[in-house]
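Down below is the structure, laid out as structure tokens.
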Amino acid sequence: MERTLSLVKPDGVKRNLVGEVISRFEKAGLKVIGLKMLRLTKTQAEAFYAVHKGRPFFDELTTYMSSGPIVAMVLEGEDAIAKVREIMGATDPKEAAPGTIRADLGLNKGENTVHGSDSPENAVKEIAFFFSENELIEGER
Ligand code: DAT
Ligand code: MG
């Protein structure tokens, strides 16, 4: 069992794609064990994407990620990290495999509808960025 963090980015929330994104994860057998809607400040977006600090797209990325509400979720399942990355597709919707969220719904390399953690270490950090342990619901329900 593995946990990962996914976000529906501002373009996805704006276009009413929250349910569509969650539905694709659920259909793949992943369980939503934490869920919230929020809006990041620019400073919070910079902290979340700190790994990209110094890249040419950092300001554009963090301005965009703080431009409107997002939906944060923790997904749990076998190989959850890789599964979510596969369902999301490549960063650039033009390069994403057919049938992936980004190929079907993404607008461009920045407004690409979803985020998913890329490694177990980052999943732990990113989950803790948005959720406290008592906001994650596991087991019988
Ligand atoms: P991913 O979201 O697929 O993990 P990433 O971690 O390399 O991709 O980059 C984080 C986000 O930053 C990405 O979803 C969109 C934005 N981004 C990355 N490369 C970019 C670029 N060359 N131009 C504009 N935005 C970019
Ligand atoms: Mg990434």
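Following the order of the structure tokens, chains are lettered A, B, ..., residues in each are numbered from 1, and ligands are numbered from 1.
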
Skipping near chain neighbours, those fewer than 3 positions away, what residues fall within 10 Å of Met65 in chain A using only C-alpha atoms, listed as an mmCIF file with N, CA and C atoms, in the first residue's frame?
```
data_model
loop_
_atom_site.group_PDB
_atom_site.id
_atom_site.type_symbol
_atom_site.label_atom_id
_atom_site.label_comp_id
_atom_site.auth_asym_id
_atom_site.auth_seq_id
_atom_site.Cartn_x
_atom_site.Cartn_y
_atom_site.Cartn_z
ATOM 1 N N LYS A 9 -5.524 21.294 -10.364
ATOM 2 C CA LYS A 9 -4.970 22.643 -10.458
ATOM 3 C C LYS A 9 -6.067 23.668 -10.810
ATOM 4 N N PRO A 10 -5.737 24.972 -10.706
ATOM 5 C CA PRO A 10 -6.770 25.992 -10.937
ATOM 6 C C PRO A 10 -7.535 25.841 -12.264
ATOM 7 N N ASP A 11 -6.864 25.445 -13.339
ATOM 8 C CA ASP A 11 -7.593 25.310 -14.618
ATOM 9 C C ASP A 11 -8.636 24.205 -14.553
ATOM 10 N N ARG A 39 -7.110 27.682 -1.518
ATOM 11 C CA ARG A 39 -6.361 28.507 -2.459
ATOM 12 C C ARG A 39 -5.005 28.820 -1.843
ATOM 13 N N LEU A 40 -3.950 28.497 -2.561
ATOM 14 C CA LEU A 40 -2.590 28.761 -2.082
ATOM 15 C C LEU A 40 -2.262 30.243 -2.232
ATOM 16 N N THR A 41 -1.511 30.785 -1.291
ATOM 17 C CA THR A 41 -0.908 32.089 -1.507
ATOM 18 C C THR A 41 0.295 31.868 -2.423
ATOM 19 N N LYS A 42 0.822 32.954 -2.982
ATOM 20 C CA LYS A 42 2.025 32.863 -3.828
ATOM 21 C C LYS A 42 3.186 32.251 -3.019
ATOM 22 N N GLN A 44 3.001 30.213 -0.429
ATOM 23 C CA GLN A 44 2.754 28.780 -0.235
ATOM 24 C C GLN A 44 3.052 27.992 -1.512
ATOM 25 N N ALA A 45 2.678 28.547 -2.663
ATOM 26 C CA ALA A 45 2.963 27.874 -3.933
ATOM 27 C C ALA A 45 4.476 27.768 -4.144
ATOM 28 N N GLU A 46 5.211 28.805 -3.762
ATOM 29 C CA GLU A 46 6.679 28.775 -3.881
ATOM 30 C C GLU A 46 7.275 27.708 -2.970
ATOM 31 N N PHE A 48 5.658 24.946 -1.926
ATOM 32 C CA PHE A 48 5.266 23.628 -2.450
ATOM 33 C C PHE A 48 6.159 23.210 -3.618
ATOM 34 N N TYR A 49 6.506 24.167 -4.481
ATOM 35 C CA TYR A 49 7.321 23.864 -5.662
ATOM 36 C C TYR A 49 8.790 24.271 -5.469
ATOM 37 N N ASP A 59 8.385 31.414 -11.604
ATOM 38 C CA ASP A 59 7.460 32.508 -11.260
ATOM 39 C C ASP A 59 6.091 32.294 -11.904
ATOM 40 N N GLU A 60 6.115 31.912 -13.178
ATOM 41 C CA GLU A 60 4.865 31.639 -13.901
ATOM 42 C C GLU A 60 4.088 30.512 -13.201
ATOM 43 N N LEU A 61 4.804 29.459 -12.832
ATOM 44 C CA LEU A 61 4.190 28.297 -12.189
ATOM 45 C C LEU A 61 3.534 28.672 -10.864
ATOM 46 N N THR A 62 4.253 29.404 -10.029
ATOM 47 C CA THR A 62 3.738 29.699 -8.688
ATOM 48 C C THR A 62 2.658 30.793 -8.733
ATOM 49 N N GLY A 68 -6.096 30.667 -8.249
ATOM 50 C CA GLY A 68 -7.476 30.254 -7.990
ATOM 51 C C GLY A 68 -7.496 29.023 -7.125
ATOM 52 N N PRO A 69 -8.694 28.588 -6.744
ATOM 53 C CA PRO A 69 -8.792 27.421 -5.865
ATOM 54 C C PRO A 69 -8.253 26.144 -6.519
ATOM 55 N N ILE A 70 -7.746 25.279 -5.672
ATOM 56 C CA ILE A 70 -7.303 23.946 -6.096
ATOM 57 C C ILE A 70 -7.983 22.913 -5.197
ATOM 58 N N GLY A 110 1.776 24.534 -18.659
ATOM 59 C CA GLY A 110 1.541 25.104 -17.328
ATOM 60 C C GLY A 110 0.189 24.702 -16.773
ATOM 61 N N GLU A 111 -0.854 24.957 -17.581
ATOM 62 C CA GLU A 111 -2.226 24.642 -17.156
ATOM 63 C C GLU A 111 -2.538 23.197 -17.548
#
```

- Query: So which residues of chain A fall under strand (DSSP E or B) by DSSP, listed as a PyMOL selection string?
  - Reply: chain A and resi 2-8+31-38+70-77+114-116

Contact table chain A vs ligand 2, cut-off 12 Å, shortest pair per residue, only C-alpha atoms and all ligand atoms, as a Markdown table:
```
| residue | atom | partner | partner_atom_place_in_ligand_line | distance |
| --- | --- | --- | --- | --- |
| A:Leu5 | CA | ligand 2 | 1 (Mg) | 11.1 |
| A:Ser6 | CA | ligand 2 | 1 (Mg) | 10.6 |
| A:Leu7 | CA | ligand 2 | 1 (Mg) | 11.4 |
| A:Phe48 | CA | ligand 2 | 1 (Mg) | 10.5 |
| A:Tyr49 | CA | ligand 2 | 1 (Mg) | 8.4 |
| A:Ala50 | CA | ligand 2 | 1 (Mg) | 10.9 |
| A:Val51 | CA | ligand 2 | 1 (Mg) | 8.8 |
| A:His52 | CA | ligand 2 | 1 (Mg) | 8.8 |
| A:Leu61 | CA | ligand 2 | 1 (Mg) | 11.6 |
| A:Ile81 | CA | ligand 2 | 1 (Mg) | 11.5 |
| A:Val84 | CA | ligand 2 | 1 (Mg) | 11.9 |
| A:Arg85 | CA | ligand 2 | 1 (Mg) | 9.4 |
| A:Met88 | CA | ligand 2 | 1 (Mg) | 11.2 |
| A:Gly89 | CA | ligand 2 | 1 (Mg) | 11.5 |
| A:Ala90 | CA | ligand 2 | 1 (Mg) | 10.0 |
| A:Thr91 | CA | ligand 2 | 1 (Mg) | 8.1 |
| A:Asp92 | CA | ligand 2 | 1 (Mg) | 11.7 |
| A:Lys109 | CA | ligand 2 | 1 (Mg) | 12.0 |
| A:Gly110 | CA | ligand 2 | 1 (Mg) | 11.7 |
| A:Asn112 | CA | ligand 2 | 1 (Mg) | 11.6 |
| A:Val114 | CA | ligand 2 | 1 (Mg) | 10.2 |
| A:His115 | CA | ligand 2 | 1 (Mg) | 7.1 |
| A:Gly116 | CA | ligand 2 | 1 (Mg) | 6.9 |
| A:Ser117 | CA | ligand 2 | 1 (Mg) | 6.4 |
| A:Asp118 | CA | ligand 2 | 1 (Mg) | 5.8 |
| A:Ser119 | CA | ligand 2 | 1 (Mg) | 9.2 |
| A:Asn122 | CA | ligand 2 | 1 (Mg) | 9.2 |
| A:Ala123 | CA | ligand 2 | 1 (Mg) | 10.6 |
| A:Glu126 | CA | ligand 2 | 1 (Mg) | 10.9 |
```

- Message: I'd like to know which residues of range 44-122 of chain A are alpha helix (DSSP H) (by DSSP, run on the backbone); could you write them as a VMD selection string?
- Response: chain A and resid 44 to 48 58 to 65 80 to 88 101 to 105 120 to 122

Can I get the selected residues back with C-alpha atoms, as an mmCIF file, in the first residue's frame?
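Writing done, so here's again_30.cif:
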```
data_model
loop_
_atom_site.group_PDB
_atom_site.id
_atom_site.type_symbol
_atom_site.label_atom_id
_atom_site.label_comp_id
_atom_site.auth_asym_id
_atom_site.auth_seq_id
_atom_site.Cartn_x
_atom_site.Cartn_y
_atom_site.Cartn_z
ATOM 1 C CA GLN A 44 2.754 28.780 -0.235
ATOM 2 C CA ALA A 45 2.963 27.874 -3.933
ATOM 3 C CA GLU A 46 6.679 28.775 -3.881
ATOM 4 C CA ALA A 47 7.175 26.512 -0.862
ATOM 5 C CA PHE A 48 5.266 23.628 -2.450
ATOM 6 C CA PHE A 58 9.159 29.099 -11.465
ATOM 7 C CA ASP A 59 7.460 32.508 -11.260
ATOM 8 C CA GLU A 60 4.865 31.639 -13.901
ATOM 9 C CA LEU A 61 4.190 28.297 -12.189
ATOM 10 C CA THR A 62 3.738 29.699 -8.688
ATOM 11 C CA THR A 63 1.681 32.675 -9.914
ATOM 12 C CA TYR A 64 -0.575 30.264 -11.775
ATOM 13 C CA MET A 65 -0.864 27.820 -8.848
ATOM 14 C CA ALA A 80 -0.359 4.657 -5.994
ATOM 15 C CA ILE A 81 2.495 6.995 -6.973
ATOM 16 C CA ALA A 82 3.207 5.346 -10.333
ATOM 17 C CA LYS A 83 -0.493 4.745 -11.014
ATOM 18 C CA VAL A 84 -1.364 8.397 -10.535
ATOM 19 C CA ARG A 85 1.582 9.508 -12.723
ATOM 20 C CA GLU A 86 0.376 7.119 -15.435
ATOM 21 C CA ILE A 87 -3.243 8.300 -15.266
ATOM 22 C CA MET A 88 -2.033 11.950 -15.342
ATOM 23 C CA ILE A 101 -5.936 13.296 -17.920
ATOM 24 C CA ARG A 102 -3.444 15.742 -19.359
ATOM 25 C CA ALA A 103 -3.930 14.568 -22.968
ATOM 26 C CA ASP A 104 -7.715 14.683 -22.646
ATOM 27 C CA LEU A 105 -8.150 17.750 -20.445
ATOM 28 C CA PRO A 120 7.895 8.146 -2.144
ATOM 29 C CA GLU A 121 9.989 10.872 -0.442
ATOM 30 C CA ASN A 122 8.128 13.658 -2.216
#
```

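If only C-alpha atoms and all ligand atoms are the atoms counted, then among A:Leu136, A:Thr43, A:Val8, A:Val32 the closest residue to ligand 1 is A:Val8.
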